[in-house]
Amino acid sequence: MVKFIIKRLLMLIPVLLGISFILFSIMNLTPGDAATLLLGDSATPEAVETLRQQLGLNGGFFERYFNYIGNIILHGDFGFSYRTKNPVFDEIFIRFSYTVRLAFTAIAISSILGVLLGIVSAIKQYSKTDNIITAITLILTSMPDFWLGLMLIILFSVKLGVLPISGATSWQHFILPGFTAAANYLANTIRMSRSSMLEVSRMDYIRTARAKGVPERDVIFKHIFKNALMPIVTLVGVNMGWQLGGTIIIEQVFGIPGIGSLMIQSIRLKDVPIVIGCVMFIATLSSIINLATDILYAYIDPRLRAKFVTTKKKAVKSNG
Amino acid sequence: MAEISLNKNKIDESTGEVKRRGQIASIWFRFKKNKLALAGLIIFVALVIIAFISPLILDYETDIITQEISNRFQGPSLEHLFGTDQFGRDIFKRILWGSRTSMFVGIGVVAISLGGGAIIGSISGYYEGSVADNVLMRLCDMFLAIPGTLLAIALVSAFGNSIPNLMLALGISTMPKMSRIVRSSVLSLKNQEFVEAAISCGTSDARIMFRHILPNAVGPMIVEGTLSVARSIISIASMSFIGLGIQPPNPEWGAMLSEAKTQMINYPYLVYAPGFAIVLTVMSLTLIGDGLRDALDPKMKN
Amino acid sequence: MDDEKLLDIRGLYTQYDTDDDVVYAVNNLSLSLSKGRTLGLVGETGAGKTTTCLSILRLLPDKIGKITAGEIYFDGKNLIDLHEEDMRQIRGNDIAMIFQDPLSSLNPVYTVGMQIGEALKYHGIYKNEKEIDKRVEEMLELVGLPKERKNDYPHQFSGGMKQRVVIAMALACEPKLLLADEPTTALDVTIQAQVLKLMNDLKEHLNTSMILVTHDLGIVAETCEDVAVMYAGSIIEKGSAEDIFNGENHHPYTVGLFASIPNLKVKTRRLKPIDGLMPDPANLPKGCTFSPRCPHCMDICKTEEPPCVMMGGEHMIKCHLFTSK
């Protein structure tokens with residue numbers, strides 16, 4: 001098990017290196033650099049040159065890239081923000097706390113509501129309820145999230161005046177963005193839970209359970225649901241990865257200073273260490289979440305648990 | 001089941017269906033039984049017609065971008081169906097014109113990502129396990145680890161802000177996913193008997209790939225392409241909304257929403273119409289895509 | 001005689017409404033079974049054997065399958081009139097079913113012990129966990145599996161062992177009637193014999209009646225006292241095993257069925273298959289459903305449904321050929 005986790009985490013390293021190179025290249029494609037952008041057009045060439053020296057922007061492309069990577073590998077130093085001069089991870093963690101709050105609101109709403117509606121929809125397949133839920137799903141997937149955000153602001157903040165328009169200073173500030181960010185994932189979760197429940201309900205062992213006289217409630221929640229859970233867990237895991245990556249547009253709509261806002265601001269200012277730092281952070285995070293989902297599987301499905309046990313035994317053997 | 005489908009084929013022959021078109025005809029037969037998909041198709045065709053005839057009845061200079069401040073913030077009326085915006089321009093006309101941009105750019109994005117994805121996916125699927133496959137797939141992994149919106153934003157700010165660059169940026173950022181889809185359908189086709197037969201006849205790799213495998217992967221690619229146009233239209237609107245996509249005064253729906261946002265507290269009606277236009281377009285494409293998927297593979301239907 | 005009958009099906013019609021058409025799976029089926037007897041239900045794939053069993057348990061696919069006419073008397077009660085909750089009490093408790101494929105009949109995420117104990121739990125025969133547990137162990141040993149294996153999951157068992165588990169599960173509540181739907185088709189030939197013997201022994205032991213669905217006439221000859229031959233949703237011939245295997249008069253379909261299996265005693269050059277295919281159940285022929293394939297087809301066969309002709313004793317043949325006699 002430990003070996004499995006370590007192996008998975010090691011596999012992340014080449015991906016992170018690749019990401020950093022891709023983003024470093026993209027950010028270096030255009031003329032103009034952070035020094036000019038930070039100081040503005042009115043700055044003297046001398047001032048720009050001094051800042052450029054300070055930020056280490058002189059030198060060839062590969063020289064700068066290997067400097068950057070070398071610092072990370074040798075000193076664990078991810079650099080500092082060109083804009084604020086703070087270490088990259090200080091900047092990220094300040095912003096990340098907002099994103100975490102938004103992400104967990106959204107995940108909670110989309111997972112709980114999504115699974116519930118999906119189950120209802122599957123149980124009442126082809127009924128009016130099912131049709132209504134399917135229609136909602138369709139509308140939610142067809143809606144740009146920022147527009148849904150605007151509509152919610154108009155309804156709840158402008159017309160009803162019950163929730164704040166933008167900002168991130170109280171928990172009320174996270175309700176509308178939470179729902180907005182949940183919308184797309186809610187639709188996916190409903191679809192997935194519905195089809196997964198329906199698929200399992202066609203299995204022979206479900207008929208066997210009914211033939212044994214198991215009451216319908218237990219057939220649904222014990223026999224079908226536990227088997228249908230696997231793809232749902234995957235989806236929630238993937239959703240969580242994306243949500244924690246910052247919902248860039250939604251943070252813009254509601255003025256939340258999360259990691260998405262940080263990234264978009266940093267791209268505009270060519271604050272390269274922040275951009276790469278953010279993406280590496282997100283990639284690591286979603287990879288850890290994926291790993292956690294895989295481990296969670298083993299607790300749901302005994303067939304996979306068996307696999308884990310054998311890897312454990314093998315590990316013991318190779319140690320001994 | 002087998003017997004039933006056998007009978008169906010007989011009926012098709014006896015009613016004089018052209019045999020060669022049997023497959024397409026039966027896909028269409030299943031597609032048109034799906035009322036929602038048919039509704040999606042009708043809406044989409046209507047939108048395409050609007051996109052084509054709007055330059056015939058409207059003039060870009062006078063109807064779409066000319067500002068008439070005296071006429072600003074007129075609420076919806078018979079004269080201005082959806083009202084006028086903060087520059088006094090008719091929102092209805094702008095929405096009609098906007099369908100051109102959304103569809104054109106949306107299809108362009110998918111053409112890029114589908115084209116690239118087809119090449120990458122078929123090479124890496126056909127030479128499964130080779131160095132090329134490994135390199136391409138690891139590259140895809142890396143790109144997939146970067147949030148799509150972020151990648152598109154970074155690319156647009158690197159290439160510079162223009163419609164072709166936006167298409168390219170969105171095309172590249174959706175290419176890895178498309179490559180994965182093509183690769184997996186190539187993989188499943190590769191081991192089927194008809195490909196093995198072609199290999200045993202000494203057919204060249206290129207010919208097997210483009211004459212035997214790709215034509216059979218076209219179905220899932222069309223489905224994915226249709227759904228991808230839908231998603232791209234949302235991405236385009238999102239990019240324009242944050243000012244990195246299509247620029248005003250071009251009446252792209254996301255750009256219209258971006259302008260409307262500043263005024264929406266006092267004039268909320270500015271926000272409604274462009275949003276509904278996006279929802280309608282995206283929904284019609286989603287319905288078509290889902291309907292096609294069911295029609296292509298009836299087994300997959302719940 | 002009548003009160004000895006455990007199961008009595010009269011004029012059952014079952015159909016499936018699919019997207020494209022209506023499939024008439026069971027048509028005017030009448031069947032009865034006395035206590036402690038084993039009935040072999042024989043017929044080709046698609047003849048409606050499984051549908052008949054599912055109709056008895058009222059477990060037809062939701063919204064697609066439905067019983068349109070007929071009565072199913074079990075222990076004097078008409079199952080069709082029962083409330084769903086009362087029906088649930090009968091399932092697993094009074095009537096148990098063994099499905100065709102043991103490999104997919106067990107829920108992969110629960111232990112076999114839990115799955116055997118489940119029926120006991122829901123029918124309230126055993127009061128506490130401990131008693132249920134004891135009974136589960138007893139059942140496992142009864143079907144020849146070590147009781148320690150109750151904590152294992154289905155994927156840890158082989159096909160034959162899974163079928164033993166399924167049998168233990170079905171018999172745990174000592175049902176009065178066991179519906180066995182091709183219980184051995186998915187198993188290796190060597191294991192088939194073991195499983196059949198096990199089922200027979202247990203049946204004797206618990207005095208259970210059984211309907212054994214199969215298309216294997218060899219199995220029928222070995223295990224069944226009564227035989228019913230099914231074609232296109234109805235019983236075309238039934239009687240004692242003696243009547244069917246050694247009787248003089250047979251339905252043309254039964255004759256064809258026997259001609260299509262190898263016989264060790266008679267030297268044959270080649271097997272004789274029945275010409276043609278089973279009719280499309282969505283589009284049944286008029287009159288006798290077998291008429292398009294029947295070598296003795298008469299004009300009346302194409303227009304009128306044949307009556308059930310009693311050939312003496314319990315032997316019944318549904319065919320116009322025998323009406324004159």
# chains A, B, ... in the order shown; residues from 1 in each chain; ligands from 1
call {"tool": "residues_around", "arguments": {"residues": "A:Leu285", "least_positions_apart": "2", "cutoff": "10 Å", "atoms": "only C-alpha atoms", "output": "VMD selection string"}}
result
chain A and resid 240 to 242 244 to 245 279 to 283 287 to 291
call {"tool": "interface_residues", "arguments": {"of": "chain A", "to": "chain B", "cutoff": "9 Å", "atoms": "only C-alpha atoms", "output": "PyMOL selection string"}}
result
chain A and resi 14-19+22-23+26-31+138-148+150-151+153-154+158+195+198-199+242+245-249+252-253+260+263-264+267-268+279-280+282-284+286-287
call {"tool": "interface_residues", "arguments": {"of": "chain C", "to": "chain A", "cutoff": "10 Å", "atoms": "only C-alpha atoms", "output": "MDAnalysis selection string"}}
result
chainID C and resid 54 57:63 84:111 115:116 118:123 152:156 166 169:170 172:173
call {"tool": "write_last_selection", "arguments": {"atoms": "N, CA and C atoms", "output": "compact mmCIF listing (two decimals), in the first residue's frame"}}
result
# COMPACT_ATOMS: atom_id res chain seq x y z
N LEU C 54 -40.39 -15.99 -13.78
CA LEU C 54 -40.43 -14.62 -13.28
C LEU C 54 -41.86 -14.17 -13.04
N LEU C 57 -43.04 -15.38 -9.66
CA LEU C 57 -42.51 -14.56 -8.57
C LEU C 57 -42.91 -13.09 -8.69
N ARG C 58 -43.56 -12.76 -9.78
CA ARG C 58 -43.90 -11.37 -10.11
C ARG C 58 -42.67 -10.49 -10.09
N LEU C 59 -41.63 -10.95 -10.76
CA LEU C 59 -40.37 -10.18 -10.82
C LEU C 59 -40.04 -9.80 -12.25
N LEU C 60 -41.07 -9.60 -13.07
CA LEU C 60 -40.83 -9.20 -14.46
C LEU C 60 -40.21 -7.81 -14.46
N PRO C 61 -39.39 -7.50 -15.48
CA PRO C 61 -38.76 -6.17 -15.51
C PRO C 61 -39.80 -5.06 -15.37
N ASP C 62 -39.51 -4.15 -14.49
CA ASP C 62 -40.44 -3.08 -14.16
C ASP C 62 -40.88 -2.31 -15.41
N LYS C 63 -42.15 -2.06 -15.54
CA LYS C 63 -42.74 -1.23 -16.60
C LYS C 63 -42.66 -1.84 -17.99
N GLU C 84 -48.12 -6.14 -2.99
CA GLU C 84 -46.68 -6.26 -3.18
C GLU C 84 -45.96 -6.72 -1.92
N GLU C 85 -46.36 -6.18 -0.77
CA GLU C 85 -45.69 -6.54 0.49
C GLU C 85 -45.91 -8.02 0.83
N ASP C 86 -47.13 -8.53 0.60
CA ASP C 86 -47.39 -9.95 0.85
C ASP C 86 -46.61 -10.82 -0.12
N MET C 87 -46.50 -10.32 -1.35
CA MET C 87 -45.75 -11.04 -2.37
C MET C 87 -44.28 -11.14 -1.96
N ARG C 88 -43.77 -10.02 -1.42
CA ARG C 88 -42.36 -10.00 -0.98
C ARG C 88 -42.14 -11.06 0.11
N GLN C 89 -43.12 -11.21 1.00
CA GLN C 89 -42.99 -12.21 2.06
C GLN C 89 -42.91 -13.63 1.49
N ILE C 90 -43.55 -13.83 0.34
CA ILE C 90 -43.52 -15.16 -0.28
C ILE C 90 -42.19 -15.42 -0.97
N ARG C 91 -41.67 -14.36 -1.60
CA ARG C 91 -40.39 -14.51 -2.32
C ARG C 91 -39.28 -14.89 -1.34
N GLY C 92 -38.54 -15.90 -1.69
CA GLY C 92 -37.42 -16.30 -0.85
C GLY C 92 -37.85 -17.16 0.32
N ASN C 93 -39.05 -16.95 0.80
CA ASN C 93 -39.54 -17.70 1.95
C ASN C 93 -40.30 -18.95 1.52
N ASP C 94 -41.35 -18.75 0.70
CA ASP C 94 -42.15 -19.88 0.21
C ASP C 94 -41.72 -20.33 -1.18
N ILE C 95 -41.37 -19.36 -2.00
CA ILE C 95 -40.90 -19.69 -3.35
C ILE C 95 -39.51 -19.09 -3.52
N ALA C 96 -38.55 -19.91 -3.85
CA ALA C 96 -37.21 -19.39 -4.08
C ALA C 96 -36.82 -19.68 -5.51
N MET C 97 -35.91 -18.87 -6.03
CA MET C 97 -35.51 -19.09 -7.42
C MET C 97 -33.99 -19.13 -7.54
N ILE C 98 -33.50 -20.05 -8.35
CA ILE C 98 -32.08 -20.11 -8.66
C ILE C 98 -31.93 -19.66 -10.10
N PHE C 99 -31.11 -18.64 -10.32
CA PHE C 99 -31.02 -18.10 -11.67
C PHE C 99 -29.93 -18.80 -12.47
N GLN C 100 -30.04 -18.56 -13.77
CA GLN C 100 -29.21 -19.23 -14.75
C GLN C 100 -27.72 -19.12 -14.48
N ASP C 101 -27.26 -17.88 -14.21
CA ASP C 101 -25.83 -17.68 -14.17
C ASP C 101 -25.36 -17.42 -12.74
N PRO C 102 -24.76 -18.42 -12.11
CA PRO C 102 -24.35 -18.23 -10.71
C PRO C 102 -23.26 -17.17 -10.60
N LEU C 103 -22.50 -16.99 -11.70
CA LEU C 103 -21.38 -16.06 -11.65
C LEU C 103 -21.86 -14.64 -11.41
N SER C 104 -23.06 -14.33 -11.92
CA SER C 104 -23.53 -12.96 -11.76
C SER C 104 -24.71 -12.87 -10.79
N SER C 105 -25.03 -13.98 -10.13
CA SER C 105 -26.18 -13.96 -9.22
C SER C 105 -25.82 -13.50 -7.82
N LEU C 106 -24.52 -13.32 -7.58
CA LEU C 106 -24.12 -12.90 -6.24
C LEU C 106 -23.60 -11.47 -6.27
N ASN C 107 -24.01 -10.70 -5.29
CA ASN C 107 -23.59 -9.31 -5.22
C ASN C 107 -22.11 -9.24 -4.85
N PRO C 108 -21.28 -8.61 -5.73
CA PRO C 108 -19.83 -8.67 -5.51
C PRO C 108 -19.35 -7.96 -4.26
N VAL C 109 -20.14 -7.06 -3.70
CA VAL C 109 -19.61 -6.26 -2.60
C VAL C 109 -20.02 -6.75 -1.22
N TYR C 110 -20.75 -7.87 -1.15
CA TYR C 110 -21.11 -8.40 0.16
C TYR C 110 -20.59 -9.83 0.33
N THR C 111 -20.34 -10.23 1.56
CA THR C 111 -19.85 -11.59 1.80
C THR C 111 -20.96 -12.58 1.50
N GLN C 115 -25.14 -12.69 2.31
CA GLN C 115 -26.17 -12.87 1.28
C GLN C 115 -27.06 -14.07 1.56
N ILE C 116 -26.48 -15.10 2.18
CA ILE C 116 -27.32 -16.25 2.55
C ILE C 116 -28.23 -15.87 3.71
N GLU C 118 -29.37 -13.03 4.46
CA GLU C 118 -30.31 -11.95 4.18
C GLU C 118 -31.76 -12.42 4.13
N ALA C 119 -31.97 -13.53 3.39
CA ALA C 119 -33.34 -14.03 3.26
C ALA C 119 -33.90 -14.38 4.64
N LEU C 120 -33.06 -14.99 5.46
CA LEU C 120 -33.49 -15.38 6.81
C LEU C 120 -33.89 -14.14 7.61
N LYS C 121 -33.08 -13.11 7.45
CA LYS C 121 -33.29 -11.89 8.21
C LYS C 121 -34.64 -11.24 7.85
N TYR C 122 -34.89 -11.12 6.54
CA TYR C 122 -36.07 -10.39 6.12
C TYR C 122 -37.36 -11.17 6.34
N HIS C 123 -37.26 -12.49 6.49
CA HIS C 123 -38.49 -13.24 6.68
C HIS C 123 -38.73 -13.55 8.13
N ASP C 152 -16.07 -14.87 3.11
CA ASP C 152 -15.43 -14.57 1.83
C ASP C 152 -16.40 -13.89 0.88
N TYR C 153 -15.81 -13.23 -0.10
CA TYR C 153 -16.61 -12.53 -1.09
C TYR C 153 -16.76 -13.40 -2.34
N PRO C 154 -17.82 -13.15 -3.14
CA PRO C 154 -18.08 -14.01 -4.30
C PRO C 154 -16.89 -14.22 -5.21
N HIS C 155 -16.04 -13.17 -5.39
CA HIS C 155 -14.96 -13.33 -6.37
C HIS C 155 -13.93 -14.36 -5.89
N GLN C 156 -14.02 -14.78 -4.62
CA GLN C 156 -13.05 -15.75 -4.12
C GLN C 156 -13.52 -17.20 -4.34
N VAL C 166 -25.40 -20.16 -4.20
CA VAL C 166 -26.72 -19.73 -4.66
C VAL C 166 -27.79 -20.72 -4.19
N MET C 169 -28.44 -20.26 -0.59
CA MET C 169 -29.20 -19.03 -0.43
C MET C 169 -30.68 -19.30 -0.70
N ALA C 170 -30.96 -20.07 -1.76
CA ALA C 170 -32.34 -20.32 -2.14
C ALA C 170 -33.04 -21.24 -1.13
N ALA C 172 -32.23 -21.67 2.10
CA ALA C 172 -32.04 -21.29 3.51
C ALA C 172 -33.36 -21.22 4.27
N CYS C 173 -34.41 -20.74 3.62
CA CYS C 173 -35.70 -20.59 4.30
C CYS C 173 -36.59 -21.82 4.13
call {"tool": "atom_distance", "arguments": {"atom1": "atom CA of A:Phe21", "atom2": "atom CA of A:Gly79"}}
result
15.3 Å
call {"tool": "closest_atom_pairs", "arguments": {"of": "chain C", "to": "chain B", "cutoff": "12 Å", "atoms": "only C-alpha atoms", "output": "JSON lines"}}
result
{"residue": "C:Thr18", "atom": "CA", "partner": "B:Met1", "partner_atom": "CA", "distance": 11.5}
{"residue": "C:Asp19", "atom": "CA", "partner": "B:Lys33", "partner_atom": "CA", "distance": 10.1}
{"residue": "C:Asp20", "atom": "CA", "partner": "B:Ile4", "partner_atom": "CA", "distance": 10.0}
{"residue": "C:Asp21", "atom": "CA", "partner": "B:Ile4", "partner_atom": "CA", "distance": 10.1}
{"residue": "C:Val22", "atom": "CA", "partner": "B:Ile4", "partner_atom": "CA", "distance": 11.8}
{"residue": "C:Val23", "atom": "CA", "partner": "B:Ile4", "partner_atom": "CA", "distance": 10.4}
{"residue": "C:Thr45", "atom": "CA", "partner": "B:Met1", "partner_atom": "CA", "distance": 11.8}
{"residue": "C:Gly46", "atom": "CA", "partner": "B:Met1", "partner_atom": "CA", "distance": 10.0}
{"residue": "C:Leu277", "atom": "CA", "partner": "B:Glu3", "partner_atom": "CA", "distance": 9.1}
{"residue": "C:Met278", "atom": "CA", "partner": "B:Glu3", "partner_atom": "CA", "distance": 9.3}
{"residue": "C:Pro279", "atom": "CA", "partner": "B:Glu3", "partner_atom": "CA", "distance": 9.1}
{"residue": "C:Asp280", "atom": "CA", "partner": "B:Ile4", "partner_atom": "CA", "distance": 7.0}
{"residue": "C:Pro281", "atom": "CA", "partner": "B:Ile4", "partner_atom": "CA", "distance": 9.1}
{"residue": "C:Ala282", "atom": "CA", "partner": "B:Ile4", "partner_atom": "CA", "distance": 8.5}
{"residue": "C:Asn283", "atom": "CA", "partner": "B:Ile4", "partner_atom": "CA", "distance": 9.8}
call {"tool": "select_by_dssp", "arguments": {"residues": "stretch 182-272 of chain A", "states": "helix (DSSP H, G or I)", "output": "PyMOL selection string"}}
result
chain A and resi 182-201+204-211+216-244+248-254+259-268+272
call {"tool": "write_last_selection", "arguments": {"atoms": "C-alpha atoms", "output": "mmCIF file, in the first residue's frame"}}
result
data_model
loop_
_atom_site.group_PDB
_atom_site.id
_atom_site.type_symbol
_atom_site.label_atom_id
_atom_site.label_comp_id
_atom_site.auth_asym_id
_atom_site.auth_seq_id
_atom_site.Cartn_x
_atom_site.Cartn_y
_atom_site.Cartn_z
ATOM 1 C CA ALA A 182 -21.762 23.519 -8.264
ATOM 2 C CA ALA A 183 -24.115 23.837 -11.257
ATOM 3 C CA ASN A 184 -22.065 22.059 -13.902
ATOM 4 C CA TYR A 185 -20.828 19.364 -11.558
ATOM 5 C CA LEU A 186 -24.327 18.919 -10.213
ATOM 6 C CA ALA A 187 -25.522 18.079 -13.711
ATOM 7 C CA ASN A 188 -22.660 15.620 -14.204
ATOM 8 C CA THR A 189 -23.243 14.000 -10.846
ATOM 9 C CA ILE A 190 -26.964 13.558 -11.506
ATOM 10 C CA ARG A 191 -26.289 12.015 -14.917
ATOM 11 C CA MET A 192 -23.611 9.728 -13.580
ATOM 12 C CA SER A 193 -25.569 8.586 -10.520
ATOM 13 C CA ARG A 194 -28.657 7.973 -12.596
ATOM 14 C CA SER A 195 -26.950 5.914 -15.269
ATOM 15 C CA SER A 196 -24.824 4.056 -12.760
ATOM 16 C CA MET A 197 -27.849 3.157 -10.626
ATOM 17 C CA LEU A 198 -29.747 2.022 -13.717
ATOM 18 C CA GLU A 199 -26.844 -0.045 -14.932
ATOM 19 C CA VAL A 200 -26.450 -1.862 -11.637
ATOM 20 C CA SER A 201 -30.193 -2.344 -11.275
ATOM 21 C CA ASP A 204 -28.585 -10.454 -12.160
ATOM 22 C CA TYR A 205 -27.677 -10.158 -8.496
ATOM 23 C CA ILE A 206 -30.242 -7.421 -8.032
ATOM 24 C CA ARG A 207 -32.928 -9.760 -9.370
ATOM 25 C CA THR A 208 -31.564 -12.408 -7.022
ATOM 26 C CA ALA A 209 -31.909 -10.018 -4.098
ATOM 27 C CA ARG A 210 -35.528 -9.307 -5.035
ATOM 28 C CA ALA A 211 -36.197 -13.028 -5.425
ATOM 29 C CA GLU A 216 -37.320 -2.582 -2.271
ATOM 30 C CA ARG A 217 -35.783 0.066 0.010
ATOM 31 C CA ASP A 218 -32.889 -2.233 0.894
ATOM 32 C CA VAL A 219 -32.553 -3.421 -2.690
ATOM 33 C CA ILE A 220 -31.991 0.195 -3.713
ATOM 34 C CA PHE A 221 -29.809 1.456 -0.891
ATOM 35 C CA LYS A 222 -27.885 -1.671 0.023
ATOM 36 C CA HIS A 223 -27.615 -3.736 -3.121
ATOM 37 C CA ILE A 224 -27.763 -1.213 -5.941
ATOM 38 C CA PHE A 225 -26.280 1.880 -4.358
ATOM 39 C CA LYS A 226 -23.137 0.313 -2.980
ATOM 40 C CA ASN A 227 -22.298 -1.126 -6.386
ATOM 41 C CA ALA A 228 -23.185 2.092 -8.181
ATOM 42 C CA LEU A 229 -20.973 4.129 -5.914
ATOM 43 C CA MET A 230 -17.702 3.520 -7.709
ATOM 44 C CA PRO A 231 -18.126 5.800 -10.747
ATOM 45 C CA ILE A 232 -19.810 8.362 -8.512
ATOM 46 C CA VAL A 233 -16.795 8.446 -6.194
ATOM 47 C CA THR A 234 -14.491 8.877 -9.196
ATOM 48 C CA LEU A 235 -16.550 11.771 -10.461
ATOM 49 C CA VAL A 236 -16.646 13.503 -7.080
ATOM 50 C CA GLY A 237 -12.876 13.071 -6.828
ATOM 51 C CA VAL A 238 -12.288 14.562 -10.265
ATOM 52 C CA ASN A 239 -14.713 17.393 -9.497
ATOM 53 C CA MET A 240 -12.902 18.161 -6.307
ATOM 54 C CA GLY A 241 -9.599 18.336 -8.141
ATOM 55 C CA TRP A 242 -10.988 20.838 -10.609
ATOM 56 C CA GLN A 243 -12.794 22.885 -8.011
ATOM 57 C CA LEU A 244 -9.676 23.237 -5.896
ATOM 58 C CA ILE A 248 -11.300 31.186 -12.504
ATOM 59 C CA ILE A 249 -14.370 32.691 -14.111
ATOM 60 C CA ILE A 250 -16.627 32.352 -11.071
ATOM 61 C CA GLU A 251 -14.057 34.011 -8.846
ATOM 62 C CA GLN A 252 -14.063 36.868 -11.360
ATOM 63 C CA VAL A 253 -17.851 37.179 -11.325
ATOM 64 C CA PHE A 254 -18.149 37.270 -7.543
ATOM 65 C CA ILE A 259 -6.337 31.055 -6.528
ATOM 66 C CA GLY A 260 -8.148 31.519 -9.852
ATOM 67 C CA SER A 261 -8.016 35.298 -9.502
ATOM 68 C CA LEU A 262 -4.363 35.066 -8.518
ATOM 69 C CA MET A 263 -3.547 33.073 -11.641
ATOM 70 C CA ILE A 264 -5.365 35.346 -14.046
ATOM 71 C CA GLN A 265 -3.769 38.424 -12.487
ATOM 72 C CA SER A 266 -0.338 36.797 -12.639
ATOM 73 C CA ILE A 267 -0.726 35.790 -16.276
ATOM 74 C CA ARG A 268 -1.531 39.381 -17.175
ATOM 75 C CA VAL A 272 5.887 33.544 -14.093
#
call {"tool": "residues_around", "arguments": {"residues": "C:Ala221", "least_positions_apart": "4", "cutoff": "10 Å", "atoms": "only C-alpha atoms", "output": "MDAnalysis selection string"}}
result
chainID C and resid 40 216:217 225:227 241:242 244:245
call {"tool": "closest_residue", "arguments": {"among": "B:Val110, B:Ile120, B:Ile95, B:Leu166", "to": "B:Gly83", "atoms": "only C-alpha atoms"}}
result
B:Ile95
call {"tool": "atom_distance", "arguments": {"atom1": "atom CA of C:Pro306", "atom2": "atom CA of C:Ile236"}}
result
9.3 Å
call {"tool": "residues_around", "arguments": {"residues": "stretch 160-165 of chain C", "least_positions_apart": "3", "cutoff": "6 Å", "atoms": "only C-alpha atoms", "output": "PyMOL selection string"}}
result
chain C and resi 102+143+157+168
call {"tool": "residues_around", "arguments": {"residues": "C:Thr323", "least_positions_apart": "2", "cutoff": "8 Å", "atoms": "only C-alpha atoms", "output": "list in words"}}
result
Pro307, Val309, Cys319, His320, Leu321 and Lys325 of chain C
call {"tool": "write_last_selection", "arguments": {"atoms": "C-alpha atoms", "output": "mmCIF file, in the first residue's frame"}}
result
data_model
loop_
_atom_site.group_PDB
_atom_site.id
_atom_site.type_symbol
_atom_site.label_atom_id
_atom_site.label_comp_id
_atom_site.auth_asym_id
_atom_site.auth_seq_id
_atom_site.Cartn_x
_atom_site.Cartn_y
_atom_site.Cartn_z
ATOM 1 C CA PRO C 307 -57.147 -27.489 -28.014
ATOM 2 C CA VAL C 309 -56.151 -33.086 -25.879
ATOM 3 C CA CYS C 319 -52.300 -30.342 -31.302
ATOM 4 C CA HIS C 320 -55.013 -30.673 -33.956
ATOM 5 C CA LEU C 321 -53.570 -34.048 -35.002
ATOM 6 C CA LYS C 325 -59.198 -39.465 -31.357
#
call {"tool": "select_by_dssp", "arguments": {"residues": "stretch 92-197 of chain C", "states": "strand (DSSP E)", "output": "number ranges by chain"}}
result
C: 95-98, 177-181
call {"tool": "write_last_selection", "arguments": {"atoms": "N, CA and C atoms", "output": "JSON list (two decimals), in the first residue's frame"}}
result
[["chain", "number", "residue", "atom", "x", "y", "z"],
["C", 95, "ILE", "N", -41.37, -19.36, -2.00],
["C", 95, "ILE", "CA", -40.90, -19.69, -3.35],
["C", 95, "ILE", "C", -39.51, -19.09, -3.52],
["C", 96, "ALA", "N", -38.55, -19.91, -3.85],
["C", 96, "ALA", "CA", -37.21, -19.39, -4.08],
["C", 96, "ALA", "C", -36.82, -19.68, -5.51],
["C", 97, "MET", "N", -35.91, -18.87, -6.03],
["C", 97, "MET", "CA", -35.51, -19.09, -7.42],
["C", 97, "MET", "C", -33.99, -19.13, -7.54],
["C", 98, "ILE", "N", -33.50, -20.05, -8.35],
["C", 98, "ILE", "CA", -32.08, -20.11, -8.66],
["C", 98, "ILE", "C", -31.93, -19.66, -10.10],
["C", 177, "LEU", "N", -41.50, -24.20, -2.74],
["C", 177, "LEU", "CA", -41.32, -24.36, -4.17],
["C", 177, "LEU", "C", -39.99, -23.75, -4.59],
["C", 178, "LEU", "N", -39.24, -24.49, -5.37],
["C", 178, "LEU", "CA", -37.96, -23.99, -5.87],
["C", 178, "LEU", "C", -38.04, -23.88, -7.38],
["C", 179, "LEU", "N", -37.77, -22.68, -7.89],
["C", 179, "LEU", "CA", -37.73, -22.50, -9.34],
["C", 179, "LEU", "C", -36.26, -22.49, -9.74],
["C", 180, "ALA", "N", -35.83, -23.50, -10.47],
["C", 180, "ALA", "CA", -34.42, -23.55, -10.86],
["C", 180, "ALA", "C", -34.32, -23.30, -12.35],
["C", 181, "ASP", "N", -33.80, -22.11, -12.72],
["C", 181, "ASP", "CA", -33.74, -21.72, -14.12],
["C", 181, "ASP", "C", -32.38, -22.10, -14.69]]
call {"tool": "residues_around", "arguments": {"residues": "A:Gly258", "least_positions_apart": "6", "cutoff": "8 Å", "atoms": "only C-alpha atoms", "output": "list in words"}}
result
Arg95, Phe96, Ser97, Tyr98, Thr99, Gly246 and Glu251 of chain A
call {"tool": "atom_distance", "arguments": {"atom1": "atom CA of C:Ile67", "atom2": "atom CA of C:Gly48"}}
result
12.9 Å
